[in-house]
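**Q** So I've got this file, query.cif, and it contains mmCIF, C-alpha atoms:
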```cif
data_query
#
loop_
_atom_site.group_PDB
_atom_site.id
_atom_site.type_symbol
_atom_site.label_atom_id
_atom_site.label_comp_id
_atom_site.auth_asym_id
_atom_site.auth_seq_id
_atom_site.Cartn_x
_atom_site.Cartn_y
_atom_site.Cartn_z
ATOM 1 C CA MET A 1 100.017 101.774 -62.901
ATOM 2 C CA THR A 2 100.299 101.300 -59.155
ATOM 3 C CA PHE A 3 99.714 98.004 -57.391
ATOM 4 C CA ARG A 4 99.039 97.837 -53.621
ATOM 5 C CA MET A 5 100.404 95.190 -51.303
ATOM 6 C CA ARG A 6 98.913 95.166 -47.766
ATOM 7 C CA GLY A 7 98.019 98.830 -48.088
ATOM 8 C CA VAL A 8 101.504 99.951 -49.234
ATOM 9 C CA ALA A 9 101.848 101.590 -52.608
ATOM 10 C CA LEU A 10 104.316 99.552 -54.663
ATOM 11 C CA GLY A 11 104.985 102.592 -56.808
ATOM 12 C CA VAL A 12 106.170 104.511 -53.753
ATOM 13 C CA MET A 13 108.415 101.614 -52.816
ATOM 14 C CA LEU A 14 110.000 101.645 -56.242
ATOM 15 C CA LEU A 15 110.491 105.407 -56.094
ATOM 16 C CA ALA A 16 112.302 105.092 -52.786
ATOM 17 C CA ALA A 17 114.520 102.362 -54.196
ATOM 18 C CA THR A 18 115.886 104.719 -56.884
ATOM 19 C CA SER A 19 117.412 107.025 -54.223
ATOM 20 C CA SER A 20 115.742 110.069 -55.740
ATOM 21 C CA VAL A 21 113.732 112.939 -54.240
ATOM 22 C CA TRP A 22 110.460 114.103 -55.747
ATOM 23 C CA THR A 23 110.517 117.888 -56.116
ATOM 24 C CA GLY A 24 107.116 118.292 -57.730
ATOM 25 C CA ALA A 25 108.478 118.771 -61.262
ATOM 26 C CA SER A 26 111.455 116.547 -61.711
ATOM 27 C CA GLN A 27 113.485 113.970 -59.902
ATOM 28 C CA THR A 28 116.930 114.848 -58.543
ATOM 29 C CA PRO A 29 119.373 112.342 -57.114
ATOM 30 C CA ALA A 30 119.557 112.335 -53.326
ATOM 31 C CA THR A 31 122.959 112.911 -51.767
ATOM 32 C CA PRO A 32 123.901 109.732 -49.905
ATOM 33 C CA PRO A 33 124.824 110.327 -46.251
ATOM 34 C CA GLN A 34 128.419 109.864 -45.261
ATOM 35 C CA ALA A 35 129.194 106.719 -43.371
ATOM 36 C CA GLY A 36 128.618 107.169 -39.653
ATOM 37 C CA ALA A 37 126.991 110.599 -40.072
ATOM 38 C CA ARG A 38 123.665 111.420 -38.429
ATOM 39 C CA PRO A 39 121.308 114.137 -39.593
ATOM 40 C CA PRO A 40 121.245 117.213 -37.363
ATOM 41 C CA LEU A 41 118.367 117.578 -34.953
ATOM 42 C CA PRO A 42 115.901 120.377 -35.622
ATOM 43 C CA GLU A 43 116.992 123.567 -33.885
ATOM 44 C CA SER A 44 113.754 123.607 -31.901
ATOM 45 C CA ILE A 45 114.714 120.415 -30.060
ATOM 46 C CA PRO A 46 117.379 121.139 -27.418
ATOM 47 C CA VAL A 47 119.806 118.382 -26.544
ATOM 48 C CA PRO A 48 119.816 117.832 -22.768
ATOM 49 C CA THR A 49 123.276 117.742 -21.249
ATOM 50 C CA LYS A 50 122.226 117.157 -17.651
ATOM 51 C CA LYS A 51 121.198 113.795 -16.234
ATOM 52 C CA VAL A 52 118.791 113.317 -13.327
ATOM 53 C CA LEU A 53 118.149 110.162 -11.310
ATOM 54 C CA ILE A 54 114.562 109.973 -10.006
ATOM 55 C CA LEU A 55 114.163 107.744 -6.953
ATOM 56 C CA ALA A 56 110.550 106.592 -6.673
ATOM 57 C CA PHE A 57 110.134 104.010 -3.936
ATOM 58 C CA ALA A 58 108.823 103.766 -0.386
ATOM 59 C CA ASN A 59 109.953 101.543 2.453
ATOM 60 C CA GLY A 60 107.595 103.277 4.878
ATOM 61 C CA PHE A 61 104.237 104.925 4.180
ATOM 62 C CA HIS A 62 103.458 104.566 0.464
ATOM 63 C CA HIS A 63 102.115 107.678 -1.238
ATOM 64 C CA ALA A 64 99.744 106.991 -4.122
ATOM 65 C CA SER A 65 101.173 110.034 -5.912
ATOM 66 C CA ILE A 66 104.671 108.554 -6.367
ATOM 67 C CA SER A 67 104.001 107.481 -9.950
ATOM 68 C CA ASN A 68 102.339 110.804 -10.798
ATOM 69 C CA ALA A 69 105.302 112.700 -9.370
ATOM 70 C CA ALA A 70 108.017 110.609 -11.021
ATOM 71 C CA GLY A 71 106.245 110.683 -14.401
ATOM 72 C CA THR A 72 105.679 114.432 -14.186
ATOM 73 C CA ILE A 73 109.318 115.152 -13.317
ATOM 74 C CA TRP A 74 110.459 112.921 -16.189
ATOM 75 C CA GLN A 75 108.117 114.830 -18.515
ATOM 76 C CA LEU A 76 109.356 118.208 -17.231
ATOM 77 C CA GLY A 77 112.812 117.261 -18.421
ATOM 78 C CA VAL A 78 111.524 116.218 -21.837
ATOM 79 C CA GLN A 79 109.369 119.304 -22.347
ATOM 80 C CA SER A 80 111.944 121.796 -21.113
ATOM 81 C CA GLY A 81 114.904 120.168 -22.818
ATOM 82 C CA VAL A 82 116.951 121.003 -19.722
ATOM 83 C CA PHE A 83 117.623 117.472 -18.500
ATOM 84 C CA GLU A 84 116.900 113.855 -19.208
ATOM 85 C CA SER A 85 116.083 111.472 -16.418
ATOM 86 C CA GLU A 86 115.794 107.841 -15.477
ATOM 87 C CA ILE A 87 113.387 106.473 -12.878
ATOM 88 C CA ARG A 88 114.406 103.800 -10.402
ATOM 89 C CA THR A 89 112.140 102.099 -7.917
ATOM 90 C CA ASP A 90 115.055 100.506 -6.081
ATOM 91 C CA ILE A 91 118.433 101.535 -4.608
ATOM 92 C CA LYS A 92 120.652 99.714 -7.104
ATOM 93 C CA TRP A 93 122.090 102.820 -8.784
ATOM 94 C CA ILE A 94 122.860 104.613 -5.521
ATOM 95 C CA SER A 95 126.488 103.629 -5.915
ATOM 96 C CA LYS A 96 129.692 104.717 -7.592
ATOM 97 C CA GLY A 97 130.634 101.118 -8.248
ATOM 98 C CA ASN A 98 129.532 98.553 -10.795
ATOM 99 C CA THR A 99 125.743 98.308 -10.868
ATOM 100 C CA GLY A 100 125.353 95.612 -13.517
ATOM 101 C CA GLY A 101 125.523 95.047 -17.245
ATOM 102 C CA GLY A 102 123.635 96.466 -20.191
ATOM 103 C CA GLU A 103 122.853 100.155 -19.929
ATOM 104 C CA SER A 104 123.085 100.283 -16.165
ATOM 105 C CA ARG A 105 124.152 103.568 -14.574
ATOM 106 C CA ASN A 106 125.768 104.627 -11.349
ATOM 107 C CA LEU A 107 125.983 107.958 -9.561
ATOM 108 C CA ASP A 108 128.913 109.124 -11.653
ATOM 109 C CA TYR A 109 126.563 109.318 -14.649
ATOM 110 C CA PHE A 110 124.120 111.727 -13.010
ATOM 111 C CA ASP A 111 124.168 115.411 -12.113
ATOM 112 C CA ALA A 112 121.296 115.420 -9.604
ATOM 113 C CA ILE A 113 118.964 113.153 -7.644
ATOM 114 C CA VAL A 114 115.252 113.771 -7.118
ATOM 115 C CA ALA A 115 113.845 111.703 -4.232
ATOM 116 C CA VAL A 116 110.057 111.362 -4.554
ATOM 117 C CA ASN A 117 108.242 110.469 -1.313
ATOM 118 C CA THR A 118 111.011 108.035 -0.404
ATOM 119 C CA THR A 119 109.861 107.134 3.106
ATOM 120 C CA GLY A 120 111.533 104.793 5.545
ATOM 121 C CA ASN A 121 114.919 103.145 5.692
ATOM 122 C CA TRP A 122 116.308 102.827 2.186
ATOM 123 C CA GLY A 123 118.440 99.847 3.190
ATOM 124 C CA LEU A 124 121.707 101.199 1.831
ATOM 125 C CA SER A 125 125.022 99.600 2.652
ATOM 126 C CA ASP A 126 127.655 101.735 4.363
ATOM 127 C CA GLU A 127 129.452 102.095 1.032
ATOM 128 C CA GLN A 128 126.271 103.224 -0.714
ATOM 129 C CA LYS A 129 125.660 105.799 2.020
ATOM 130 C CA GLN A 130 129.123 107.216 1.559
ATOM 131 C CA ASP A 131 128.744 107.291 -2.235
ATOM 132 C CA PHE A 132 125.393 109.081 -1.921
ATOM 133 C CA LEU A 133 126.711 111.758 0.430
ATOM 134 C CA SER A 134 129.908 112.190 -1.581
ATOM 135 C CA PHE A 135 127.844 112.671 -4.753
ATOM 136 C CA ILE A 136 126.444 115.871 -3.247
ATOM 137 C CA ARG A 137 129.049 117.011 -0.725
ATOM 138 C CA ASP A 138 132.258 116.300 -2.653
ATOM 139 C CA ASP A 139 131.205 116.144 -6.309
ATOM 140 C CA GLY A 140 129.086 119.295 -6.045
ATOM 141 C CA LYS A 141 125.983 117.704 -7.516
ATOM 142 C CA GLY A 142 122.339 118.345 -6.651
ATOM 143 C CA PHE A 143 119.531 116.886 -4.563
ATOM 144 C CA VAL A 144 115.807 117.671 -4.616
ATOM 145 C CA GLY A 145 113.657 116.195 -1.869
ATOM 146 C CA VAL A 146 109.938 115.906 -2.619
ATOM 147 C CA HIS A 147 107.474 115.849 0.316
ATOM 148 C CA ALA A 148 108.140 112.574 2.167
ATOM 149 C CA ALA A 149 111.847 112.547 1.368
ATOM 150 C CA LEU A 150 111.906 114.267 4.774
ATOM 151 C CA ASP A 151 110.331 111.134 6.262
ATOM 152 C CA ALA A 152 113.349 108.926 5.587
ATOM 153 C CA HIS A 153 115.935 107.537 8.017
ATOM 154 C CA ARG A 154 114.163 109.023 11.010
ATOM 155 C CA ASN A 155 115.069 108.796 14.686
ATOM 156 C CA GLY A 156 118.804 109.004 14.155
ATOM 157 C CA LEU A 157 118.920 106.099 11.683
ATOM 158 C CA TRP A 158 121.150 108.073 9.282
ATOM 159 C CA PRO A 159 121.979 111.476 10.801
ATOM 160 C CA GLU A 160 124.130 112.538 7.856
ATOM 161 C CA TYR A 161 121.104 112.263 5.565
ATOM 162 C CA THR A 162 119.077 114.379 7.984
ATOM 163 C CA GLU A 163 121.853 116.977 8.009
ATOM 164 C CA MET A 164 122.035 116.934 4.211
ATOM 165 C CA ILE A 165 118.311 117.461 3.590
ATOM 166 C CA GLY A 166 117.978 119.981 6.410
ATOM 167 C CA GLY A 167 115.629 118.306 8.869
ATOM 168 C CA GLU A 168 113.455 115.367 9.812
ATOM 169 C CA PHE A 169 109.713 114.759 9.681
ATOM 170 C CA ALA A 170 107.859 115.209 12.982
ATOM 171 C CA ALA A 171 104.198 115.284 11.897
ATOM 172 C CA HIS A 172 101.629 116.776 9.542
ATOM 173 C CA PRO A 173 99.528 118.517 12.196
ATOM 174 C CA TRP A 174 96.745 119.680 9.856
ATOM 175 C CA ASN A 175 96.628 116.646 7.526
ATOM 176 C CA HIS A 176 95.329 117.684 4.064
ATOM 177 C CA PHE A 177 94.082 121.242 4.260
ATOM 178 C CA PRO A 178 93.988 124.606 2.479
ATOM 179 C CA ALA A 179 97.249 125.871 3.942
ATOM 180 C CA PRO A 180 97.920 129.580 4.456
ATOM 181 C CA VAL A 181 101.372 130.057 2.939
ATOM 182 C CA ILE A 182 103.845 132.921 2.993
ATOM 183 C CA ILE A 183 106.468 133.102 0.236
ATOM 184 C CA GLU A 184 109.501 134.385 2.119
ATOM 185 C CA ASP A 185 112.003 134.688 -0.735
ATOM 186 C CA ARG A 186 110.342 135.704 -3.987
ATOM 187 C CA ASP A 187 113.727 136.245 -5.645
ATOM 188 C CA PHE A 188 114.602 132.552 -5.539
ATOM 189 C CA PRO A 189 114.132 130.868 -8.947
ATOM 190 C CA ALA A 190 111.750 128.207 -7.606
ATOM 191 C CA ALA A 191 109.528 130.735 -5.824
ATOM 192 C CA ARG A 192 109.337 133.820 -8.001
ATOM 193 C CA HIS A 193 106.551 132.483 -10.255
ATOM 194 C CA PHE A 194 103.955 132.355 -7.463
ATOM 195 C CA SER A 195 101.377 135.059 -8.047
ATOM 196 C CA SER A 196 101.384 136.490 -4.546
ATOM 197 C CA LYS A 197 103.482 136.577 -1.411
ATOM 198 C CA ARG A 198 100.509 135.198 0.522
ATOM 199 C CA LEU A 199 98.429 132.397 -0.920
ATOM 200 C CA VAL A 200 96.534 129.228 -0.084
ATOM 201 C CA LEU A 201 97.845 125.839 -1.220
ATOM 202 C CA PHE A 202 95.972 122.589 -0.621
ATOM 203 C CA ASP A 203 98.338 119.825 0.417
ATOM 204 C CA GLU A 204 99.666 117.879 3.383
ATOM 205 C CA MET A 205 102.267 120.128 4.989
ATOM 206 C CA TYR A 206 105.020 118.572 7.051
ATOM 207 C CA MET A 207 106.385 119.997 10.272
ATOM 208 C CA PRO A 208 110.101 119.241 10.829
ATOM 209 C CA LYS A 209 111.406 118.328 14.264
ATOM 210 C CA MET A 210 112.723 121.092 16.482
ATOM 211 C CA GLU A 211 115.896 119.069 17.116
ATOM 212 C CA THR A 212 116.801 118.698 13.450
ATOM 213 C CA PHE A 213 115.594 121.823 11.643
ATOM 214 C CA SER A 214 116.657 125.420 12.104
ATOM 215 C CA ARG A 215 116.156 128.295 9.691
ATOM 216 C CA SER A 216 119.643 129.464 10.650
ATOM 217 C CA LYS A 217 121.028 126.653 8.454
ATOM 218 C CA VAL A 218 118.853 127.165 5.356
ATOM 219 C CA ASN A 219 117.126 129.771 3.245
ATOM 220 C CA VAL A 220 113.442 129.350 4.063
ATOM 221 C CA LEU A 221 111.522 129.999 0.856
ATOM 222 C CA MET A 222 107.993 129.212 2.063
ATOM 223 C CA ARG A 223 106.356 128.715 5.435
ATOM 224 C CA LEU A 224 102.901 128.340 6.898
ATOM 225 C CA ASP A 225 101.381 131.518 8.259
ATOM 226 C CA GLU A 226 101.295 130.660 11.960
ATOM 227 C CA ASN A 227 98.776 133.441 12.609
ATOM 228 C CA LYS A 228 96.161 131.801 10.378
ATOM 229 C CA LEU A 229 96.517 128.211 11.502
ATOM 230 C CA GLY A 230 93.757 126.625 13.511
ATOM 231 C CA ALA A 231 94.119 123.826 16.024
ATOM 232 C CA PRO A 232 95.842 120.673 14.744
ATOM 233 C CA LEU A 233 93.589 118.208 12.963
ATOM 234 C CA ASN A 234 95.848 115.215 13.572
ATOM 235 C CA ALA A 235 95.176 113.128 16.667
ATOM 236 C CA GLY A 236 98.886 112.401 16.919
ATOM 237 C CA VAL A 237 99.649 116.049 17.684
ATOM 238 C CA VAL A 238 99.075 117.730 21.017
ATOM 239 C CA GLY A 239 96.101 120.066 20.692
ATOM 240 C CA GLY A 240 94.431 117.926 18.059
ATOM 241 C CA PRO A 241 91.502 115.498 18.446
ATOM 242 C CA GLU A 242 91.744 112.989 21.239
ATOM 243 C CA PRO A 243 93.491 109.842 20.024
ATOM 244 C CA PRO A 244 91.624 106.521 20.176
ATOM 245 C CA PRO A 245 92.157 104.498 23.348
ATOM 246 C CA PRO A 246 94.947 101.924 23.180
ATOM 247 C CA PRO A 247 93.996 98.265 22.743
ATOM 248 C CA PRO A 248 93.658 96.169 25.911
ATOM 249 C CA GLY A 249 97.095 95.594 27.352
ATOM 250 C CA GLY A 250 98.657 97.921 24.781
ATOM 251 C CA ARG A 251 100.250 101.330 25.031
ATOM 252 C CA GLY A 252 98.968 104.506 23.434
ATOM 253 C CA ARG A 253 101.119 106.266 20.864
ATOM 254 C CA SER A 254 103.059 109.275 22.058
ATOM 255 C CA ARG A 255 101.839 112.610 20.723
ATOM 256 C CA VAL A 256 103.996 115.245 19.050
ATOM 257 C CA GLU A 257 104.176 118.826 20.251
ATOM 258 C CA LEU A 258 103.850 121.720 17.837
ATOM 259 C CA ARG A 259 107.112 123.570 17.324
ATOM 260 C CA SER A 260 107.633 125.938 20.208
ATOM 261 C CA ASP A 261 109.064 128.591 17.864
ATOM 262 C CA ARG A 262 105.932 128.416 15.669
ATOM 263 C CA ASP A 263 108.234 128.330 12.639
ATOM 264 C CA PHE A 264 106.548 125.996 10.153
ATOM 265 C CA ALA A 265 108.899 126.066 7.167
ATOM 266 C CA ILE A 266 107.690 123.961 4.235
ATOM 267 C CA THR A 267 110.235 124.795 1.508
ATOM 268 C CA TRP A 268 113.916 125.654 1.738
ATOM 269 C CA ALA A 269 117.248 125.721 -0.086
ATOM 270 C CA LYS A 270 120.705 125.037 1.295
ATOM 271 C CA THR A 271 124.116 123.741 0.441
ATOM 272 C CA TYR A 272 125.762 120.538 1.554
ATOM 273 C CA GLY A 273 129.471 120.737 1.022
ATOM 274 C CA LYS A 274 129.905 121.654 -2.641
ATOM 275 C CA GLY A 275 126.380 120.552 -3.580
ATOM 276 C CA ARG A 276 122.972 122.215 -3.667
ATOM 277 C CA VAL A 277 119.902 120.902 -1.843
ATOM 278 C CA PHE A 278 116.239 121.856 -2.248
ATOM 279 C CA TYR A 279 113.309 120.517 -0.241
ATOM 280 C CA SER A 280 109.557 121.172 -0.354
ATOM 281 C CA SER A 281 106.627 119.628 1.476
ATOM 282 C CA LEU A 282 104.440 120.089 -1.605
ATOM 283 C CA GLY A 283 103.601 116.922 -3.523
ATOM 284 C CA HIS A 284 101.574 114.608 -1.290
ATOM 285 C CA THR A 285 98.441 114.502 -3.430
ATOM 286 C CA LYS A 286 98.031 113.362 -7.024
ATOM 287 C CA GLU A 287 96.387 116.695 -7.762
ATOM 288 C CA SER A 288 99.590 118.504 -6.800
ATOM 289 C CA TRP A 289 101.232 117.130 -9.923
ATOM 290 C CA THR A 290 98.677 118.785 -12.198
ATOM 291 C CA ASP A 291 99.131 122.168 -10.498
ATOM 292 C CA PRO A 292 101.303 124.345 -12.767
ATOM 293 C CA ASP A 293 102.659 126.290 -9.791
ATOM 294 C CA VAL A 294 103.909 123.102 -8.128
ATOM 295 C CA THR A 295 105.398 121.619 -11.286
ATOM 296 C CA LYS A 296 107.032 124.952 -12.155
ATOM 297 C CA MET A 297 108.532 125.083 -8.663
ATOM 298 C CA TYR A 298 110.085 121.649 -9.007
ATOM 299 C CA LEU A 299 111.384 122.355 -12.527
ATOM 300 C CA GLU A 300 113.086 125.519 -11.301
ATOM 301 C CA ALA A 301 114.384 123.676 -8.238
ATOM 302 C CA ILE A 302 116.001 121.039 -10.438
ATOM 303 C CA LYS A 303 117.545 123.725 -12.636
ATOM 304 C CA TRP A 304 118.915 125.415 -9.521
ATOM 305 C CA VAL A 305 120.491 122.278 -8.009
ATOM 306 C CA LEU A 306 121.999 121.560 -11.444
ATOM 307 C CA GLY A 307 123.748 124.950 -11.266
ATOM 308 C CA LEU A 308 121.856 126.364 -14.252
ATOM 309 C CA THR A 309 120.364 129.254 -12.250
ATOM 310 C CA GLU A 310 121.406 131.202 -9.185
ATOM 311 C CA GLY A 311 119.578 131.765 -5.919
ATOM 312 C CA SER A 312 120.644 132.644 -2.404
ATOM 313 C CA VAL A 313 120.986 130.091 0.395
ATOM 314 C CA ALA A 314 121.570 132.766 3.028
ATOM 315 C CA SER A 315 119.483 132.326 6.174
ATOM 316 C CA HIS A 316 117.207 135.110 7.402
ATOM 317 C CA PRO A 317 114.643 135.801 10.134
ATOM 318 C CA LYS A 318 110.961 135.190 9.486
ATOM 319 C CA ALA A 319 109.757 137.396 6.659
ATOM 320 C CA GLU A 320 106.282 138.848 6.859
#
```
Take the structure in the file and write it out as structure tokens.
**A**
Amino acid sequence: MTFRMRGVALGVMLLAATSSVWTGASQTPATPPQAGARPPLPESIPVPTKKVLILAFANGFHHASISNAAGTIWQLGVQSGVFESEIRTDIKWISKGNTGGGESRNLDYFDAIVAVNTTGNWGLSDEQKQDFLSFIRDDGKGFVGVHAALDAHRNGLWPEYTEMIGGEFAAHPWNHFPAPVIIEDRDFPAARHFSSKRLVLFDEMYMPKMETFSRSKVNVLMRLDENKLGAPLNAGVVGGPEPPPPPPGGRGRSRVELRSDRDFAITWAKTYGKGRVFYSSLGHTKESWTDPDVTKMYLEAIKWVLGLTEGSVASHPKAE
């Protein structure tokens, strides 16, 4: 006879207490686990060996997609089994020193950093800056910059960061628009899954400054098709709509020129010392993070900066 207590079968509780296993016909004693032993994980569940630090904060323009991006990247690691990640919305772990008690981490724990729309001045100390750069340059670890990671430490605030990532934000001349894109290197792991060499992607595409970006220093993977671009849609760019008049007694904002070389790279790969660096302008909108092509690109980019796949960083002229 079985009695129930709060919905739990007492008979089942008693069966468990006898340390036996029900086989359907008879009961056989269960083998007690050895002290300290843990059961093996199912073979279908890979054990990640790589660790990724996701930086998800903004000290400049705040993108509403930061949470979507950080959560999606975290989930990509879980689903792929390639890496596990931790998300920080502050700069505390950008250090090789002591970052606090408990289960705190520092850069020595991680194999790559993904910076998600991290605009503005991060507010790092000089020591933190050196630790960050050394993490990539000297330790040979990876960095992935998502969209507005290019809009950090602008105007010479931290030139070494600009050198590391490969450029500096100048403007987004066409705002959000269906962008005509050319895939220049379809052999690169983060680009080969796109269905065509020429396609249209809806996003906010950044234009890097002429003074800070040159394709001679990177492998341009994707660029805007300059022959299919209309006039700028941003009033802050020369050729775009007329900007509003300045307030009484105020000064109007200076306008940005389009790149004179008409080279609008939006995704590239490079090295920085011993480390690998990937940047893409894709990821401004929330919808970007439900696009399988975008999420696949970032997964493959992370795998590449982790050294799990190979792809060229050799520079090349514009590819048609």
**Q** May I have the residues within 12 Å of Asn98 of chain A as a PyMOL selection string, using all atoms listed in the file and disregarding those fewer than 5 positions away in the same chain?
**A** chain A and resi 92-93+103-109+128
**Q** Those residues you just picked out, can you put them in a file as a PDB file, in the frame of the given file with C-alpha atoms?
**A**
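Listed below is the output, again.pdb:
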```
ATOM      1  CA  LYS A  92     120.652  99.714  -7.104  1.00  0.00           C
ATOM      2  CA  TRP A  93     122.090 102.820  -8.784  1.00  0.00           C
ATOM      3  CA  GLU A 103     122.853 100.155 -19.929  1.00  0.00           C
ATOM      4  CA  SER A 104     123.085 100.283 -16.165  1.00  0.00           C
ATOM      5  CA  ARG A 105     124.152 103.568 -14.574  1.00  0.00           C
ATOM      6  CA  ASN A 106     125.768 104.627 -11.349  1.00  0.00           C
ATOM      7  CA  LEU A 107     125.983 107.958  -9.561  1.00  0.00           C
ATOM      8  CA  ASP A 108     128.913 109.124 -11.653  1.00  0.00           C
ATOM      9  CA  TYR A 109     126.563 109.318 -14.649  1.00  0.00           C
ATOM     10  CA  GLN A 128     126.271 103.224  -0.714  1.00  0.00           C
TER      11      GLN A 128
END
```
**Q** Which is closest to Thr295 of chain A among A:Ile165, A:Ala170, A:Leu55, A:Ala190, if we use all atoms listed in the file?
**A**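 Closest candidate: A:Ala190.
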**Q** With all atoms listed in the file as the counted atoms, please give the residues lying no more than 8 Å from Ser65 of chain A, apart from itself and same-chain residues fewer than 3 positions off, as a PyMOL selection string.
**A** chain A and resi 68-69+283-286
**Q** With C-alpha atoms retained, export the selected residues as a PDB file, in the frame of the given file.
**A**
```
ATOM      1  CA  ASN A  68     102.339 110.804 -10.798  1.00  0.00           C
ATOM      2  CA  ALA A  69     105.302 112.700  -9.370  1.00  0.00           C
ATOM      3  CA  GLY A 283     103.601 116.922  -3.523  1.00  0.00           C
ATOM      4  CA  HIS A 284     101.574 114.608  -1.290  1.00  0.00           C
ATOM      5  CA  THR A 285      98.441 114.502  -3.430  1.00  0.00           C
ATOM      6  CA  LYS A 286      98.031 113.362  -7.024  1.00  0.00           C
TER       7      LYS A 286
END
```
**Q** Using only C-alpha atoms, which residue out of A:Val114, A:Asp263, A:Gly145, A:Ala171 lies closest to Asn227 of chain A?
**A** A:Asp263
**Q** Can you work out which one of A:Tyr272, A:Phe188, A:Trp174, A:Phe213 has the shortest atom-to-atom distance to Gly240 of chain A, counting only C-alpha atoms?
**A**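 Using only C-alpha atoms, the shortest distance to Gly240 of chain A belongs to A:Trp174.
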**Q** Neighbours of Arg198 of chain A within 7 Å (all atoms listed in the file; same-chain residues fewer than 6 positions away dropped), as a count of residues only?
**A** 3
**Q** Have a look at A:Asp203, A:Phe110, A:Val52, A:Gly101 and name the one nearest to Phe135 of chain A; count all atoms listed in the file.
**A** A:Phe110
**Q** Using Å and a single decimal, report how far atom CA of Arg255 of chain A sits from atom CA of Glu242 of chain A.
**A**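 Taking atom CA of Glu242 of chain A as the start and atom CA of Arg255 of chain A as the end point, the length is 10.1 Å.
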